[in-house]
12 protein chains.
Amino acid sequence: MTVVRSTLPEDARRIAGDALQSTLVDLLGLSLIGKQAHWNIVGPRFRSIHLQLDEVVDTARSYSDTVAERAAALGLPPDGRPETIASAYTLPGPKEGWQRDNDVVALMMETLETAIGRLRERIAATEKADPVTQDLLIGITAELEKQRWMFDAENWPRD
Amino acid sequence: MTVVRSTLPEDARRIAGDALQSTLVDLLGLSLIGKQAHWNIVGPRFRSIHLQLDEVVDTARSYSDTVAERAAALGLPPDGRPETIASAYTLPGPKEGWQRDNDVVALMMETLETAIGRLRERIAATEKADPVTQDLLIGITAELEKQRWMFDAENWPRD
Amino acid sequence: MTVVRSTLPEDARRIAGDALQSTLVDLLGLSLIGKQAHWNIVGPRFRSIHLQLDEVVDTARSYSDTVAERAAALGLPPDGRPETIASAYTLPGPKEGWQRDNDVVALMMETLETAIGRLRERIAATEKADPVTQDLLIGITAELEKQRWMFDAENWPRD
Amino acid sequence: MTVVRSTLPEDARRIAGDALQSTLVDLLGLSLIGKQAHWNIVGPRFRSIHLQLDEVVDTARSYSDTVAERAAALGLPPDGRPETIASAYTLPGPKEGWQRDNDVVALMMETLETAIGRLRERIAATEKADPVTQDLLIGITAELEKQRWMFDAENWPRD
Amino acid sequence: MTVVRSTLPEDARRIAGDALQSTLVDLLGLSLIGKQAHWNIVGPRFRSIHLQLDEVVDTARSYSDTVAERAAALGLPPDGRPETIASAYTLPGPKEGWQRDNDVVALMMETLETAIGRLRERIAATEKADPVTQDLLIGITAELEKQRWMFDAENWPRD
Amino acid sequence: MTVVRSTLPEDARRIAGDALQSTLVDLLGLSLIGKQAHWNIVGPRFRSIHLQLDEVVDTARSYSDTVAERAAALGLPPDGRPETIASAYTLPGPKEGWQRDNDVVALMMETLETAIGRLRERIAATEKADPVTQDLLIGITAELEKQRWMFDAENWPRD
Amino acid sequence: MTVVRSTLPEDARRIAGDALQSTLVDLLGLSLIGKQAHWNIVGPRFRSIHLQLDEVVDTARSYSDTVAERAAALGLPPDGRPETIASAYTLPGPKEGWQRDNDVVALMMETLETAIGRLRERIAATEKADPVTQDLLIGITAELEKQRWMFDAENWPRD
Amino acid sequence: MTVVRSTLPEDARRIAGDALQSTLVDLLGLSLIGKQAHWNIVGPRFRSIHLQLDEVVDTARSYSDTVAERAAALGLPPDGRPETIASAYTLPGPKEGWQRDNDVVALMMETLETAIGRLRERIAATEKADPVTQDLLIGITAELEKQRWMFDAENWPRD
Amino acid sequence: MTVVRSTLPEDARRIAGDALQSTLVDLLGLSLIGKQAHWNIVGPRFRSIHLQLDEVVDTARSYSDTVAERAAALGLPPDGRPETIASAYTLPGPKEGWQRDNDVVALMMETLETAIGRLRERIAATEKADPVTQDLLIGITAELEKQRWMFDAENWPRD
Amino acid sequence: MTVVRSTLPEDARRIAGDALQSTLVDLLGLSLIGKQAHWNIVGPRFRSIHLQLDEVVDTARSYSDTVAERAAALGLPPDGRPETIASAYTLPGPKEGWQRDNDVVALMMETLETAIGRLRERIAATEKADPVTQDLLIGITAELEKQRWMFDAENWPRD
Amino acid sequence: MTVVRSTLPEDARRIAGDALQSTLVDLLGLSLIGKQAHWNIVGPRFRSIHLQLDEVVDTARSYSDTVAERAAALGLPPDGRPETIASAYTLPGPKEGWQRDNDVVALMMETLETAIGRLRERIAATEKADPVTQDLLIGITAELEKQRWMFDAENWPRD
Amino acid sequence: MTVVRSTLPEDARRIAGDALQSTLVDLLGLSLIGKQAHWNIVGPRFRSIHLQLDEVVDTARSYSDTVAERAAALGLPPDGRPETIASAYTLPGPKEGWQRDNDVVALMMETLETAIGRLRERIAATEKADPVTQDLLIGITAELEKQRWMFDAENWPRD
């Protein structure tokens, strides 16, 4: 028996649901590694990157809530438990311990670039299934691309 | 070579560091399962518990930042990465999928109770080692005990 | 003679105009029956639903203004007069007098579900005619689907 | 069986209830036609009247809530459903389509004048029955008379 | 020798003074028992009633200050000392210890109903003596009647 | 030819108009002498009375606007020109030059007492003619009586 | 015996004092006639000018306080009593009763122009005597000239 | 059967509970007598002490809520009913009627001094039993000692 | 060597880049001519249009920043230098010197209409290339169409 | 025929007008090149300079409005059209495309230094002609000199 | 080699620099003695003067920052180190320990009077050298003279 | 004769007093040298450190007030006069003139480290004497250790 009913046909719901669940894992993971880097960064650019990382975390936390509630609104229980994130999260992340500032910038570039690539695939996949979900993914992409540009701009000249 | 130096002697630093690292894992885990419950709860008490869980999450997120920065201030790099939380987190958490409102209340009661028990042990352990860390743990305990009372008060009569 | 001129060709304008005018009637009607339920609800869940209904009303009022101004911007005078709403409004609504809390939740579920179904048809209809109007309807749908999920989640287990 | 009980004797309650219910219909109708005029006004005084009409709508919406909750507080379920407003609303209102700015000012003058006349009768009628209701009606009258003066002042010289 | 002089004749001052002093005792007592219920309530409706009771307390505290300063402004020293409240307060109040949520709702209904009945007598009594005091009592009655309705609405169906 | 029309019969309008016009003169005058005292006070209680006088001025300015707009709303052009205030203002006021703090307190007591006496007469006079105007005058009286008490309380023991 | 002592030599103090006292009268008078026009204006531009006049009044009130406190700071008791304003105020002002919108604009133009002319004379007069006072007068002039431009801009084409 | 369960062992709970319940009575009583003095004070220092007393009341109200919720969080129902305060409150308090400003200052000194003495005993008593409760009592003491200093500073030279 | 790398294929990037660069020039130009009109407008509708133009400028400034950062995020350096705007800007603009209010309204109508036409072409052009850019252009169009309607509505009856 | 009249004699007006018009062009140009640099900067100091440039832009935009309105207040229509800025702007500006962070700092230093030099000449030129305009130019200079110092301080050691 | 370059010629820079450095010492010293008096004042006027002293401290702290940054903007490193203040500060200050309220008022009068005298000399000295610095000193003088008046007004009658 | 009386026994008061007085000197000195560094820093990290130093100064100023008022509350007059700070302050501080950014970071590290070491000694010393004072010192230590970590993190790799 279905608990929360959906207003979408079954096929569309499955496609939208897959896109939302993987986005949720990416965003929750991003919020955790963003904080990890925020706390462990060292080096002369400490303060500037320390503050910038909190903006990434705020973005990730806020969108993860919207994404999970969208899934619920479609009748799909979102899954953001610690064990799920740990097993499903595959974006690059920091190693244990203190991290040099330049390494953090390069890592964030790589993580955001990978996340954006996946989001663009999901934008294509959900176009027919649910334009409302697609619109939400487009908004997340725009925001992450802006964050990526900023890390890229300050990653120059590259070693 | 030490990266961030400490103002505490080595022994005190190890004790305070252990207490802070395990508290960090508990709080980050609590913020994740609080959100999981926030999204997946169903039943007549949905809205009331849905809102209350966000207060737990806000508390956990805000204290996790203070705790991690305290560890860093003592020269100990905090570890809040997804894989660390998944392996080190041992408080009770929700199962996958929709959860009945009464079950959520009972679960939160149990999770908070376990977390508080551990915090009280750490309060005792850090008294000599670092009163500053102890004071922070006391503040977290007071807040979690207040949250626990509220879930307990609405958990009555117990089945 | 045209009063406010349009930047859309005639065909596109007619399609967008129809979608906007029927959405306007649905939203104004929704704002009235939301308030009616807000005032007449009785039962142990009074306070919780009483507050939630005001959020539905705020959403409906705010979007009705955006929808009507979009119609005006396309050179189509919107019609939200009492007699128009009374004759054109066809979503389910509350009966006269006090309403039990559970009945209100079930009614809001049904009303929102019907409204969402119609919005999805209009999203399809306006895609070619005016992507700006379509974008607005997508935003309204996302919001009403979130409201519907919340009433659905707290409507469980269903009698 | 009575649902919400009253603290007034039956006679007083009936008199106050009649006054409140007709005021509710007038205010909800006023909020609808105020918005209708807000959207459909054209002419060089567009912006100035467009903004002023939103103040009328805010006043009418806010007082309609107070009036309906006062009726409920007296144990009388208020009735603000679309069909009720359409059949019971008798104040002058705008015709369909674009409206010249000067015509809107004249119309609002007439509508407010009629509404005020009825409110003064209800103030007299409720004096003995319920001074609390009377006090509320006095407050509404003061506000509508102030709005009426403003339209009157800018309606001069009259054609 | 009079300390603070009055602008009212002696008779009027005595009538207004009596009405204000008994209202002060009722409101201070209401603020104390409202908090008592706020702290001691248990049961599944805990959070919802817990929050609603704080609104009653805020109302009572704010009006008690206005009432006491009105008495002082008439040259009558208000009396809100602990012993005065304990001996003069006669509205129903909670028993010692934890209270079930349904019992709290029923108690608040009864307490507010009694308080409102007395206020209506004082409104009648002060009409000639001091319309300023009467106006203040009317405002308090409107607010308490609204609070009473809310508890009444969620008290239904009554056992 | 009437410029702004009235919703009151001629007799009632004249009575309300007289009450409003004399209140306007009293309040504008009060705002001027309040500032005069605010600037010219000297003595050890300077700061405390200096601040308190600004509260009197704020009250007087804000009510003078409400009173004048009420007159206008009744179709009576209010008159607050410098020459009108100078000729019509008859409340006690400060002499030229520096004023001792104790003298200021005594003066404000006397001025407010006189103003209140007149307001009470107007409350009686407008009861039949216009309850809306009467309600406004009651509100002003309550506020001025509170201000008067404060000056009286700090005027003790009287020389 | 001097009450408040001055930090300026006698000559400089007299010059600055004269400039400040006449500016005080101009500003207090301006605040009164601005409000008079605000209340009595009629015509199609009512709302726009009605709001603009309140900005003039706010400017005049705020600067009159600064000017008076500057005089006091120089040891000169400022004089803003009703009778002083009435006898010393010589700027143009509105006649009694309703005023057409166009006439109000023309009047404000004339009043501000006259006030500005006098301020420029005082700026020249105080340059040597007290640069602090001069700086304050320059600030007032800049603000009044901006207000004058706005009335002038909307006064065009002039009849 | 226990209603709200505790996370403390029985002994510790009893000690902490006693300390919290007596502190609750002291703080609620302090909030009542602070207001009593706030309303009944007369004399030239009226305004200054009148405002200061409201800060004492705000402190006492805010801490009484924290203290009572702490007791509830430990599974102990707090008791703040009128009759409890009247019988258990033993700090010095004002007599009936108007109070001279100097007497109020001396009284507040004495009341706060007594309250602080008791709090220091409870700080010692709860150290082992519950460091969380002790930490809360330390915070209250710091605040009351600051208030006491201020009354003491203005109580000098003492008669 | 590329400085900021792009996540789009080369073709898509060129199309999106062209659309963004021309929109940037239109918006920066619009912000300059909006201010020019804001300062130079004269005539009886001065204040109303003066304020409305600042809303156009705020919209244009805020969107120009989003558009330029979107271009940068795609690896394309935006160009908003004075010489670029002067040579690339082709929307209609005001002549030098004072402008009559009616002429300003007609000019803004024409400028916005031209800008909207171009935006709709870019919406079509970017649909395949980059839906994120398209979504941003849709949002700008909706806002400019609303502004255009308002100028159109107050431009009626047209000469 | 003059449109907006001036309160200055012709000579003084011409001098003040020239100073204001050239300052307007400098400030509008500065706001455009500040944004250009804000968008196109790359390098490790990206974030810090990116934010600082927005402060320069805010300063330039805000003062350009004050300067233009001051010109208008003197009866001189300000000219801030795109073509005017392009032809009249002569301060140094960035080249097309991405800019290294160090180059941006050096450029801003040079631009601000040139702008300040011109402002100091205009301060001297307007002293006799119009002290109000001079006062405004002094304020702008102080702000730009502070911005210049900050770029200078972080430009050290210079290559 | 110069670190931060100046936009002033050498002579002007030296004059402005001397004026700014001595003003910095005066303001930092004033902020320290203002706090000293704020903490150590005793007597019946405690609360009133205690609050007023914090306004002096806020003024002094805020202007000291502006003064120091002005010096830096002129290429002169400001010196506000503890040893500099101790050796260069020559304004009157409080003795060690508790201070009677009347003595504090008299002391502040004397300190402010001395500081104002010096500021007026620096205003004259900087007129030619740097009108921007002079303008800043004028603003500080106006504020300190207002503070001085307030202490003077409450210092009367003088012993 | 004692001026402000204490609630602590003599011995405890002396210990707490010594700890508070030396902490006061450290904090006031820290606020002065923090500002000194804020104004005199030069180099590419100027902006980032310039902002961070103001956070240190805000922390130091705010805690110095709490510490001094705590001393006063214990009956001990705090001493924060310029000469006291100059003679008693022994933490490391900046030399005169411009300071390189890296040197400022190293200096702040050293200063904060020394200050923290002293605070930890005082925490141990006050444990028995006054837990309220100890609690305050713990809070200051936590804050300064967080500031120290941030300077340390950005001080890496150390030269």
# chains A, B, ... in the order shown; residues from 1 in each chain; ligands from 1

$ residues_around --residues "H:Ile33" --least-positions-apart "4" --cutoff "9 Å" --atoms "only C-alpha atoms" --output "PyMOL selection string"
(chain E and resi 80-82) or (chain H and resi 28-29+37-38+57+93-94)

$ closest_atom_pairs --of "chain C" --to "chain I" --cutoff "12 Å" --atoms "only C-alpha atoms" --output "Markdown table"
| residue | atom | partner | partner_atom | distance |
| --- | --- | --- | --- | --- |
| C:Met1 | CA | I:Pro157 | CA | 10.5 |
| C:Thr2 | CA | I:Trp156 | CA | 10.2 |
| C:Val3 | CA | I:Trp156 | CA | 7.0 |
| C:Val4 | CA | I:Asp152 | CA | 6.0 |
| C:Arg5 | CA | I:Asp152 | CA | 7.4 |
| C:Ser6 | CA | I:Trp149 | CA | 8.5 |
| C:Thr7 | CA | I:Glu113 | CA | 7.2 |
| C:Leu8 | CA | I:Gly117 | CA | 9.2 |
| C:Pro9 | CA | I:Gly117 | CA | 11.5 |
| C:Asp65 | CA | I:Lys146 | CA | 11.9 |
| C:Thr66 | CA | I:Lys146 | CA | 9.5 |
| C:Val67 | CA | I:Lys146 | CA | 10.9 |
| C:Ala68 | CA | I:Lys146 | CA | 10.7 |
| C:Glu69 | CA | I:Lys146 | CA | 7.0 |
| C:Arg70 | CA | I:Lys146 | CA | 6.7 |
| C:Ala71 | CA | I:Lys146 | CA | 9.5 |
| C:Ala72 | CA | I:Trp149 | CA | 6.8 |
| C:Ala73 | CA | I:Trp149 | CA | 4.6 |
| C:Leu74 | CA | I:Trp149 | CA | 7.6 |
| C:Gly75 | CA | I:Trp149 | CA | 7.6 |
| C:Leu76 | CA | I:Trp149 | CA | 10.4 |
| C:Pro77 | CA | I:Ala153 | CA | 10.9 |
| C:Glu127 | CA | I:Ala124 | CA | 11.8 |
| C:Lys128 | CA | I:Ala124 | CA | 10.3 |
| C:Ala129 | CA | I:Arg120 | CA | 11.7 |
| C:Asp130 | CA | I:Arg120 | CA | 9.5 |
| C:Pro131 | CA | I:Ile138 | CA | 7.2 |
| C:Val132 | CA | I:Ile138 | CA | 5.6 |
| C:Thr133 | CA | I:Ala142 | CA | 8.2 |
| C:Gln134 | CA | I:Ile138 | CA | 9.9 |
| C:Asp135 | CA | I:Ile138 | CA | 7.8 |
| C:Leu136 | CA | I:Ala142 | CA | 9.0 |
| C:Gly139 | CA | I:Gly139 | CA | 11.8 |

$ select_by_dssp --residues "stretch 26-152 of chain E" --states "strand (DSSP E or B)" --output "PyMOL selection string"
chain E and resi 41-42+99-100

$ select_by_dssp --residues "stretch 23-149 of chain J" --states "helix (DSSP H, G or I)" --output "number ranges by chain"
J: 23-40, 46-73, 82-88, 101-129, 131-149

$ atom_distance --atom1 "atom CA of G:Glu10" --atom2 "atom CA of G:Asp79"
19.3 Å

$ atom_distance --atom1 "atom CA of D:Ser87" --atom2 "atom CA of D:Val105"
25.0 Å

$ closest_residue --among "D:Gln99, D:Phe46, D:Trp39, D:Ala12" --to "C:Leu24" --atoms "only C-alpha atoms"
D:Trp39

$ residues_around --residues "J:Val104" --least-positions-apart "3" --cutoff "9 Å" --atoms "only C-alpha atoms" --output "PDB file with all heavy atoms, in the first residue's frame"
ATOM      1  N   ALA J  37      36.184  44.807 -13.483  1.00  0.00           N
ATOM      2  CA  ALA J  37      37.265  44.143 -12.774  1.00  0.00           C
ATOM      3  C   ALA J  37      36.727  43.072 -11.829  1.00  0.00           C
ATOM      4  O   ALA J  37      37.291  41.983 -11.713  1.00  0.00           O
ATOM      5  CB  ALA J  37      38.082  45.176 -11.996  1.00  0.00           C
ATOM      6  N   ILE J  41      38.488  39.385 -12.778  1.00  0.00           N
ATOM      7  CA  ILE J  41      39.705  39.147 -12.019  1.00  0.00           C
ATOM      8  C   ILE J  41      39.965  37.642 -11.859  1.00  0.00           C
ATOM      9  O   ILE J  41      39.044  36.872 -11.646  1.00  0.00           O
ATOM     10  CB  ILE J  41      39.613  39.835 -10.637  1.00  0.00           C
ATOM     11  CG1 ILE J  41      40.928  39.686  -9.884  1.00  0.00           C
ATOM     12  CG2 ILE J  41      38.462  39.302  -9.842  1.00  0.00           C
ATOM     13  CD1 ILE J  41      40.958  40.488  -8.592  1.00  0.00           C
ATOM     14  N   ILE J  49      39.730  40.553  -3.398  1.00  0.00           N
ATOM     15  CA  ILE J  49      39.622  41.751  -4.242  1.00  0.00           C
ATOM     16  C   ILE J  49      38.236  41.838  -4.892  1.00  0.00           C
ATOM     17  O   ILE J  49      37.679  42.924  -5.048  1.00  0.00           O
ATOM     18  CB  ILE J  49      40.713  41.733  -5.351  1.00  0.00           C
ATOM     19  CG1 ILE J  49      42.093  41.448  -4.764  1.00  0.00           C
ATOM     20  CG2 ILE J  49      40.724  43.048  -6.129  1.00  0.00           C
ATOM     21  CD1 ILE J  49      42.607  42.466  -3.821  1.00  0.00           C
ATOM     22  N   PRO J  94      40.418  48.926 -17.231  1.00  0.00           N
ATOM     23  CA  PRO J  94      40.964  47.607 -17.560  1.00  0.00           C
ATOM     24  C   PRO J  94      40.854  47.316 -19.060  1.00  0.00           C
ATOM     25  O   PRO J  94      39.951  47.801 -19.734  1.00  0.00           O
ATOM     26  CB  PRO J  94      40.086  46.648 -16.759  1.00  0.00           C
ATOM     27  CG  PRO J  94      38.807  47.372 -16.549  1.00  0.00           C
ATOM     28  CD  PRO J  94      39.115  48.836 -16.545  1.00  0.00           C
ATOM     29  N   GLN J  99      41.739  39.423 -16.009  1.00  0.00           N
ATOM     30  CA  GLN J  99      42.803  40.276 -15.460  1.00  0.00           C
ATOM     31  C   GLN J  99      43.410  39.606 -14.236  1.00  0.00           C
ATOM     32  O   GLN J  99      42.690  39.167 -13.355  1.00  0.00           O
ATOM     33  CB  GLN J  99      42.228  41.642 -15.024  1.00  0.00           C
ATOM     34  CG  GLN J  99      41.457  42.384 -16.083  1.00  0.00           C
ATOM     35  CD  GLN J  99      42.342  42.917 -17.183  1.00  0.00           C
ATOM     36  OE1 GLN J  99      43.447  43.346 -16.910  1.00  0.00           O
ATOM     37  NE2 GLN J  99      41.890  42.832 -18.423  1.00  0.00           N
ATOM     38  N   ARG J 100      44.763  39.600 -14.148  1.00  0.00           N
ATOM     39  CA  ARG J 100      45.422  39.062 -12.955  1.00  0.00           C
ATOM     40  C   ARG J 100      45.114  39.941 -11.739  1.00  0.00           C
ATOM     41  O   ARG J 100      45.059  41.159 -11.843  1.00  0.00           O
ATOM     42  CB  ARG J 100      46.924  39.036 -13.153  1.00  0.00           C
ATOM     43  CG  ARG J 100      47.405  37.934 -14.078  1.00  0.00           C
ATOM     44  CD  ARG J 100      48.897  38.053 -14.190  1.00  0.00           C
ATOM     45  NE  ARG J 100      49.458  38.222 -12.848  1.00  0.00           N
ATOM     46  CZ  ARG J 100      50.269  37.338 -12.261  1.00  0.00           C
ATOM     47  NH1 ARG J 100      50.616  36.247 -12.895  1.00  0.00           N
ATOM     48  NH2 ARG J 100      50.730  37.560 -11.048  1.00  0.00           N
ATOM     49  N   ASP J 101      45.031  39.322 -10.562  1.00  0.00           N
ATOM     50  CA  ASP J 101      44.677  40.069  -9.347  1.00  0.00           C
ATOM     51  C   ASP J 101      45.640  41.214  -9.058  1.00  0.00           C
ATOM     52  O   ASP J 101      45.213  42.331  -8.762  1.00  0.00           O
ATOM     53  CB  ASP J 101      44.542  39.127  -8.132  1.00  0.00           C
ATOM     54  CG  ASP J 101      45.645  38.090  -8.026  1.00  0.00           C
ATOM     55  OD1 ASP J 101      46.650  38.225  -8.735  1.00  0.00           O
ATOM     56  OD2 ASP J 101      45.497  37.154  -7.230  1.00  0.00           O
ATOM     57  N   LEU J 107      45.914  48.767 -11.034  1.00  0.00           N
ATOM     58  CA  LEU J 107      45.041  49.615 -11.848  1.00  0.00           C
ATOM     59  C   LEU J 107      44.124  50.473 -10.980  1.00  0.00           C
ATOM     60  O   LEU J 107      43.956  51.678 -11.223  1.00  0.00           O
ATOM     61  CB  LEU J 107      44.203  48.735 -12.784  1.00  0.00           C
ATOM     62  CG  LEU J 107      43.111  49.472 -13.545  1.00  0.00           C
ATOM     63  CD1 LEU J 107      43.704  50.378 -14.611  1.00  0.00           C
ATOM     64  CD2 LEU J 107      42.124  48.500 -14.169  1.00  0.00           C
ATOM     65  N   MET J 108      43.520  49.846  -9.965  1.00  0.00           N
ATOM     66  CA  MET J 108      42.595  50.602  -9.119  1.00  0.00           C
ATOM     67  C   MET J 108      43.328  51.734  -8.401  1.00  0.00           C
ATOM     68  O   MET J 108      42.799  52.834  -8.245  1.00  0.00           O
ATOM     69  CB  MET J 108      41.923  49.676  -8.095  1.00  0.00           C
ATOM     70  CG  MET J 108      40.942  48.690  -8.698  1.00  0.00           C
ATOM     71  SD  MET J 108      39.692  49.401  -9.823  1.00  0.00           S
ATOM     72  CE  MET J 108      38.757  50.429  -8.686  1.00  0.00           C
ATOM     73  N   MET J 109      44.549  51.453  -7.913  1.00  0.00           N
ATOM     74  CA  MET J 109      45.389  52.480  -7.300  1.00  0.00           C
ATOM     75  C   MET J 109      45.519  53.692  -8.232  1.00  0.00           C
ATOM     76  O   MET J 109      45.335  54.836  -7.827  1.00  0.00           O
ATOM     77  CB  MET J 109      46.803  51.915  -7.090  1.00  0.00           C
ATOM     78  CG  MET J 109      47.067  51.312  -5.765  1.00  0.00           C
ATOM     79  SD  MET J 109      46.951  52.560  -4.498  1.00  0.00           S
ATOM     80  CE  MET J 109      48.347  53.599  -5.039  1.00  0.00           C
TER      81      MET J 109
END

$ atom_distance --atom1 "atom CA of I:Gly34" --atom2 "atom CA of G:Ser48"
20.4 Å

$ decode --residues "stretch 81-85 of chain K" --atoms "all heavy atoms" --output "short mmCIF file (atom, residue, chain, number, x, y, z; two decimals), in the first residue's frame"
data_model
loop_
_atom_site.label_atom_id
_atom_site.label_comp_id
_atom_site.auth_asym_id
_atom_site.auth_seq_id
_atom_site.Cartn_x
_atom_site.Cartn_y
_atom_site.Cartn_z
N ARG K 81 49.21 53.00 20.36
CA ARG K 81 49.67 51.96 21.28
C ARG K 81 49.54 52.41 22.73
O ARG K 81 49.56 53.62 23.02
CB ARG K 81 51.13 51.63 20.98
CG ARG K 81 51.31 50.99 19.59
CD ARG K 81 52.76 50.89 19.24
NE ARG K 81 53.40 52.20 19.22
CZ ARG K 81 54.67 52.41 19.47
NH1 ARG K 81 55.46 51.40 19.74
NH2 ARG K 81 55.15 53.62 19.43
N PRO K 82 49.40 51.46 23.67
CA PRO K 82 49.22 51.84 25.08
C PRO K 82 50.27 52.83 25.56
O PRO K 82 49.93 53.83 26.20
CB PRO K 82 49.35 50.50 25.81
CG PRO K 82 48.95 49.47 24.81
CD PRO K 82 49.35 50.00 23.47
N GLU K 83 51.54 52.58 25.24
CA GLU K 83 52.58 53.46 25.77
C GLU K 83 52.47 54.86 25.17
O GLU K 83 52.74 55.86 25.85
CB GLU K 83 53.99 52.87 25.52
CG GLU K 83 54.31 52.54 24.07
CD GLU K 83 53.95 51.10 23.71
OE1 GLU K 83 52.93 50.58 24.22
OE2 GLU K 83 54.68 50.49 22.90
N THR K 84 52.04 54.96 23.92
CA THR K 84 51.86 56.27 23.30
C THR K 84 50.76 57.05 24.01
O THR K 84 50.91 58.24 24.33
CB THR K 84 51.50 56.10 21.82
OG1 THR K 84 52.47 55.27 21.22
CG2 THR K 84 51.45 57.44 21.12
N ILE K 85 49.63 56.40 24.25
CA ILE K 85 48.53 57.09 24.92
C ILE K 85 48.96 57.55 26.31
O ILE K 85 48.72 58.68 26.72
CB ILE K 85 47.31 56.15 25.02
CG1 ILE K 85 46.88 55.73 23.61
CG2 ILE K 85 46.15 56.84 25.74
CD1 ILE K 85 45.84 54.66 23.61
#
